[in-house]
Amino acid sequence: MTKLTRRSALKGGAGLLGAGALAGSGFTEFAKAWAQASPFRPEAGATLNLMRWRRFVVAEDEAFNRIVAAFSAATGVRINVTSESFDDMQPKASVAANTGTGPDMFWALYSTPHLFPQRCLDVSDVADYLGKKYGGWVPVAEAYGKLGDKWIAIPAAINGGYINYRISQIKAAGFNEVPQTNAGFLELCKALKAKNTPAGFPLGRASGDGNAYAYWLLWSHNAAQVDENSKVIIRSAETEAALNYAKALYDTFIQGTAAWNDASNNRLFLSGELSLTANGISIYAAANASADAKQKEIAADMDHAYWPIGPAGKPTEIQLCFPMVTMGYTKFPNACKAFTAFMLEAEQFNPWLEAAAGYLTHTLNAFDNNPVWTKDPKNRVFRDASKRSLVAGHRGKLDEKAATAMADFIVVDMFANFCTGRETAAGAMQLAERQLQRIYR
Amino acid sequence: MAMDSLAATPARMARSEPSRWDRLRVNRNWLGLWFMVPAMAFLLLFLAYPLGLGIWMSMTDMRIGRGGTFIGIENYVYLLDDRDFLRATAFTLTYTFVASIFKFAIGLYLAILLNNNMPFKAIIRAIVLIPFIVPTVLSAVAFWWIFDTQFSIITWLLRKSGLIEPGYLINWLGDPFLAQCSVIFANIWRGIPFIAITLLAGLQTVSPSLYEAATLDGASNWQRFRYITYPLLTPIIAVVMTFSVLFTFTDFQLIWAMTRGGPVNATHLMATLSYQRGILGGRLGEGAAIATAMVPFLLAAIMVSWFGLQRRKWQQGEAND
């Protein structure tokens, strides 16, 4: 099912050009040598269709396409890459799994492969090969990639989200760094408010940043939406403590956070109105890449910090996982495996990580030394995103129910309902409990 | 000979009394039925089937990517006790009611204004159409900026003109009530031209001689509106308001581009809630149930306008109202 769209035609053209430019360069030399030695032998005449999420960092996409071009040049396997927005990836993958036709591979989000584990190709051999060669997988990668003992996807990378702050403004508020406890963090936000440079976290329809904030609030207070047996336990004293803490934070926020989407905090931070928020590295990347002097100034005056640690006593972050899934119906399973392995070899993955400039975090321990983490100290916290992250669903199973609860903003809305005064703590918890019970029935 | 005549008799009888099939073949109604088949198939395939499928889905626990089992009215029972759904229904009704009244009042006023002779009439009429021409998503994004908490031009203007203190912010889309007002305002702005231009077309069909006669009889402006314009415009009003109410009730784009149903689900209409639950949340059955729940309201709106506004005597050709 080769779909020829304008995009794929352009990409194909670009791929050919790239391959031409690369011919004879080290990249292709390596690819050829790799193809000779690799345990994964693509089927003759294989053509693959790969669907990935639409990129946010242009250089990352370009690096990915270079890997695709080098792989094609070395093995003769043609790969058509199409991209879809975050929101559209999961429905498309589900439909493909359901009907048994569609792209051979999906570079998807979160727990997508766990929606249809029996339709995913067993890639345990690829995972073992890479794990042995590159110092093992981080625990969160195993959680996202494995079902029982079997690997159903290769978690290629994690996208980290952390505290973004203005150095001068927290200094003015009397802090040298972002406190790493919930109590200290509240003090910082209060001080920022007093200096009229308030912080802000999204309580609106922000599927990335909003969920990251809400789950951190919940988990850092040792609360969770379900327990190990998928029993809904949202109505608890811990959740109430999280709600009260969230309200205290909310009172120090800049106005309008209940209406924020994923782009709102980026916009406000870059306009200089916001002193502290949670985001991926994209604010810093955008400010750095900008030609505008004011943006450069913000880039120089900003830094990143880990999420503070609450009563739970350990990092309780949720970071976005990008698993590479090969569908069981593919006619060319070996070509898919070969590409997955090739993509994560150091010669490919290192330049790719560098191009992503911190947007992607590796899930194989050996890449801790990639220059992207040392070249700029402001990138450093993102290196640990995959090690500090908990799994979607936390104590419960990583399944479609956890994914649905997140897509439906149930926890976000619980905090928003209480913080904006629309519901009491009991009412907000009851509302969330009811919706969760329906999902987890 | 006798044998011949005996053999011939049944044949003659058959000729004189054609079989059912023969009669059917020349039946005009039967032929007409066949001519209607393409249209019926079209209606069934593109109208009845999706509607029926939607209603069927609303009685299953279907999720994206896999089928569901029949669960009867469980989805509806759940929704009846779901605060977000009830709020969305209440807000959809408020949204439709408030926006339609404003749209009708302002639209009618504009239509009457534009019906007068004035300089640059054509250009002014064209300008009135602008909100209708601009793609909804584009105007919604503009409104999203206009109602941004920090960057709102309204707040800025109020601040510059000294009506509010410097540094004071209005939490347009962050406060549930203000957000509801904001999206209603945007809907009114967008819906006025449709009503104004359609009513203007209706006004132009009113014969000037009626006004002349009324003026000679000494009728005031109000009397001319009340006893000439309004009755003659009623059929158009019925049609235009039916459409307007239907469009408003099923609005999606404007809300989705401006608030996505936020803050805290305050601006969810039934259509956006259905999309949120059905497509993004993946629970197709529940989403379909919310969408199906819109149907009775829509039917009611149609009934009111057709039986309430349109059943006038003059329609049946009688002179008196």
# chains A, B, ... in the order shown; residues from 1 in each chain; ligands from 1
$ interface_residues --of "chain B" --to "chain A" --cutoff "8 Å" --atoms "only C-alpha atoms" --output "list of chain:residue names"
B:Ile64, B:Gly65, B:Arg66, B:Arg83, B:Thr149, B:Gln150, B:Leu169, B:Asn171, B:Trp172, B:Leu173, B:Gly174, B:Asp175, B:Thr259, B:Arg260, B:Gly262, B:Pro263, B:Val264, B:Asn265, B:Gln276, B:Arg277, B:Ile279, B:Leu280, B:Gly281, B:Gly282
$ write_last_selection --atoms "N, CA and C atoms" --output "tab-separated table (two decimals), in the first residue's frame"
chain	number	residue	atom	x	y	z
B	64	ILE	N	-12.29	2.75	19.80
B	64	ILE	CA	-11.56	2.91	18.55
B	64	ILE	C	-10.69	1.68	18.32
B	65	GLY	N	-10.77	1.14	17.12
B	65	GLY	CA	-9.88	0.04	16.79
B	65	GLY	C	-10.45	-1.33	17.08
B	66	ARG	N	-11.56	-1.39	17.80
B	66	ARG	CA	-12.17	-2.71	17.96
B	66	ARG	C	-13.67	-2.58	18.21
B	83	ARG	N	-22.00	14.74	35.47
B	83	ARG	CA	-22.11	16.19	35.62
B	83	ARG	C	-21.60	16.95	34.40
B	149	THR	N	-5.60	35.91	28.01
B	149	THR	CA	-5.55	36.59	29.31
B	149	THR	C	-4.49	37.68	29.33
B	150	GLN	N	-3.30	37.37	28.84
B	150	GLN	CA	-2.21	38.34	28.94
B	150	GLN	C	-2.18	39.31	27.77
B	169	LEU	N	-5.59	42.26	34.96
B	169	LEU	CA	-5.86	41.38	33.82
B	169	LEU	C	-7.27	40.84	33.91
B	171	ASN	N	-9.45	37.66	33.03
B	171	ASN	CA	-9.18	36.26	32.77
B	171	ASN	C	-10.21	35.69	31.80
B	172	TRP	N	-10.21	36.24	30.56
B	172	TRP	CA	-11.28	35.94	29.60
B	172	TRP	C	-11.58	34.45	29.47
B	173	LEU	N	-10.59	33.70	28.96
B	173	LEU	CA	-10.86	32.30	28.67
B	173	LEU	C	-10.47	31.39	29.83
B	174	GLY	N	-9.98	31.98	30.92
B	174	GLY	CA	-9.58	31.15	32.06
B	174	GLY	C	-10.66	31.05	33.12
B	175	ASP	N	-11.62	31.98	33.07
B	175	ASP	CA	-12.71	31.96	34.03
B	175	ASP	C	-13.92	31.32	33.37
B	259	THR	N	-11.28	27.11	22.75
B	259	THR	CA	-11.10	26.64	24.13
B	259	THR	C	-10.95	25.14	24.26
B	260	ARG	N	-11.26	24.38	23.23
B	260	ARG	CA	-11.29	22.92	23.31
B	260	ARG	C	-12.17	22.44	24.46
B	262	GLY	N	-12.47	23.81	27.34
B	262	GLY	CA	-12.01	24.31	28.64
B	262	GLY	C	-12.56	25.69	28.92
B	263	PRO	N	-12.28	26.32	30.01
B	263	PRO	CA	-11.63	25.81	31.21
B	263	PRO	C	-12.57	24.88	31.98
B	264	VAL	N	-11.96	23.85	32.55
B	264	VAL	CA	-12.68	22.81	33.30
B	264	VAL	C	-14.02	22.43	32.66
B	265	ASN	N	-13.99	22.16	31.37
B	265	ASN	CA	-15.17	21.68	30.64
B	265	ASN	C	-16.32	22.67	30.61
B	276	GLN	N	-14.54	14.72	22.13
B	276	GLN	CA	-13.54	14.49	23.18
B	276	GLN	C	-13.63	13.05	23.71
B	277	ARG	N	-14.85	12.62	24.02
B	277	ARG	CA	-15.01	11.30	24.60
B	277	ARG	C	-14.86	10.20	23.54
B	279	ILE	N	-13.60	10.28	20.16
B	279	ILE	CA	-12.41	10.15	19.32
B	279	ILE	C	-11.13	10.25	20.16
B	280	LEU	N	-10.98	11.31	20.95
B	280	LEU	CA	-9.75	11.46	21.71
B	280	LEU	C	-9.69	10.46	22.85
B	281	GLY	N	-10.81	10.29	23.55
B	281	GLY	CA	-10.85	9.32	24.65
B	281	GLY	C	-10.99	7.89	24.15
B	282	GLY	N	-11.38	7.74	22.89
B	282	GLY	CA	-11.45	6.41	22.30
B	282	GLY	C	-12.72	5.63	22.60
$ residues_around --residues "Cys189 (chain A)" --least-positions-apart "4" --cutoff "10 Å" --atoms "only C-alpha atoms" --output "JSON, numbers by chain"
{"A": [170, 173, 178, 184, 185, 193, 194, 195, 197, 198, 199, 200, 248, 249, 250, 251, 252, 253, 275, 276]}
$ residues_around --residues "Met105 (chain A)" --least-positions-apart "3" --cutoff "8 Å" --atoms "only C-alpha atoms" --output "mmCIF file with C-alpha atoms, in the first residue's frame"
data_model
loop_
_atom_site.group_PDB
_atom_site.id
_atom_site.type_symbol
_atom_site.label_atom_id
_atom_site.label_comp_id
_atom_site.auth_asym_id
_atom_site.auth_seq_id
_atom_site.Cartn_x
_atom_site.Cartn_y
_atom_site.Cartn_z
ATOM 1 C CA LEU A 48 8.533 -0.366 4.050
ATOM 2 C CA ASN A 49 5.958 2.220 5.048
ATOM 3 C CA LEU A 50 6.711 3.975 8.280
ATOM 4 C CA MET A 51 4.437 6.440 10.046
ATOM 5 C CA MET A 324 8.958 1.977 17.517
ATOM 6 C CA VAL A 325 6.333 -0.649 16.726
ATOM 7 C CA THR A 326 6.502 -3.190 13.900
ATOM 8 C CA MET A 327 3.145 -4.604 12.954
ATOM 9 C CA CYS A 336 11.794 -3.754 9.876
#
$ select_by_dssp --residues "region 96-272 of chain B" --states "helix (DSSP H, G or I)" --output "MDAnalysis selection string"
chainID B and resid 96:115 121:128 130:133 136:146 153:160 176:204 208:216 221:249 253:258 270:272
$ closest_residue --among "A:Tyr245, A:Thr75, A:Asp376, A:Asn350" --to "Asn288 (chain A)" --atoms "only C-alpha atoms"
A:Asp376
$ select_by_dssp --residues "region 181-310 of chain A" --states "strand (DSSP E)" --output "list in words"
Leu276, Thr277, Ala278, Asn279, Met302, Asp303, His304 and Ala305 of chain A
$ write_last_selection --atoms "C-alpha atoms" --output "short mmCIF file (atom, residue, chain, number, x, y, z; two decimals), in the first residue's frame"
data_model
loop_
_atom_site.label_atom_id
_atom_site.label_comp_id
_atom_site.auth_asym_id
_atom_site.auth_seq_id
_atom_site.Cartn_x
_atom_site.Cartn_y
_atom_site.Cartn_z
CA LEU A 276 8.73 29.56 35.65
CA THR A 277 6.82 26.72 34.04
CA ALA A 278 7.17 23.10 32.96
CA ASN A 279 7.97 22.29 29.37
CA MET A 302 16.95 30.64 31.54
CA ASP A 303 17.79 27.20 32.83
CA HIS A 304 16.11 23.88 33.59
CA ALA A 305 15.55 21.92 36.80
#
$ residues_around --residues "Pro176 (chain B)" --least-positions-apart "2" --cutoff "6 Å" --atoms "only C-alpha atoms" --output "PyMOL selection string"
chain B and resi 178-179+263+266
$ write_last_selection --atoms "C-alpha atoms" --output "compact mmCIF listing (two decimals), in the first residue's frame"
# COMPACT_ATOMS: atom_id res chain seq x y z
CA LEU B 178 -16.25 34.77 31.10
CA ALA B 179 -15.12 31.99 28.77
CA PRO B 263 -11.63 25.81 31.21
CA ALA B 266 -17.17 24.90 31.04
$ atom_distance --atom1 "CA of Trp145 (chain B)" --atom2 "CA of Asp209 (chain A)"
20.4 Å
$ atom_distance --atom1 "CA of Met270 (chain B)" --atom2 "CA of Ser111 (chain A)"
28.8 Å
$ atom_distance --atom1 "CA of Trp56 (chain B)" --atom2 "CA of Ile255 (chain B)"
27.2 Å
$ closest_residue --among "A:Ala242, A:Ala392, A:Val68, A:Ile154" --to "Pro311 (chain A)" --atoms "only C-alpha atoms"
A:Ala242
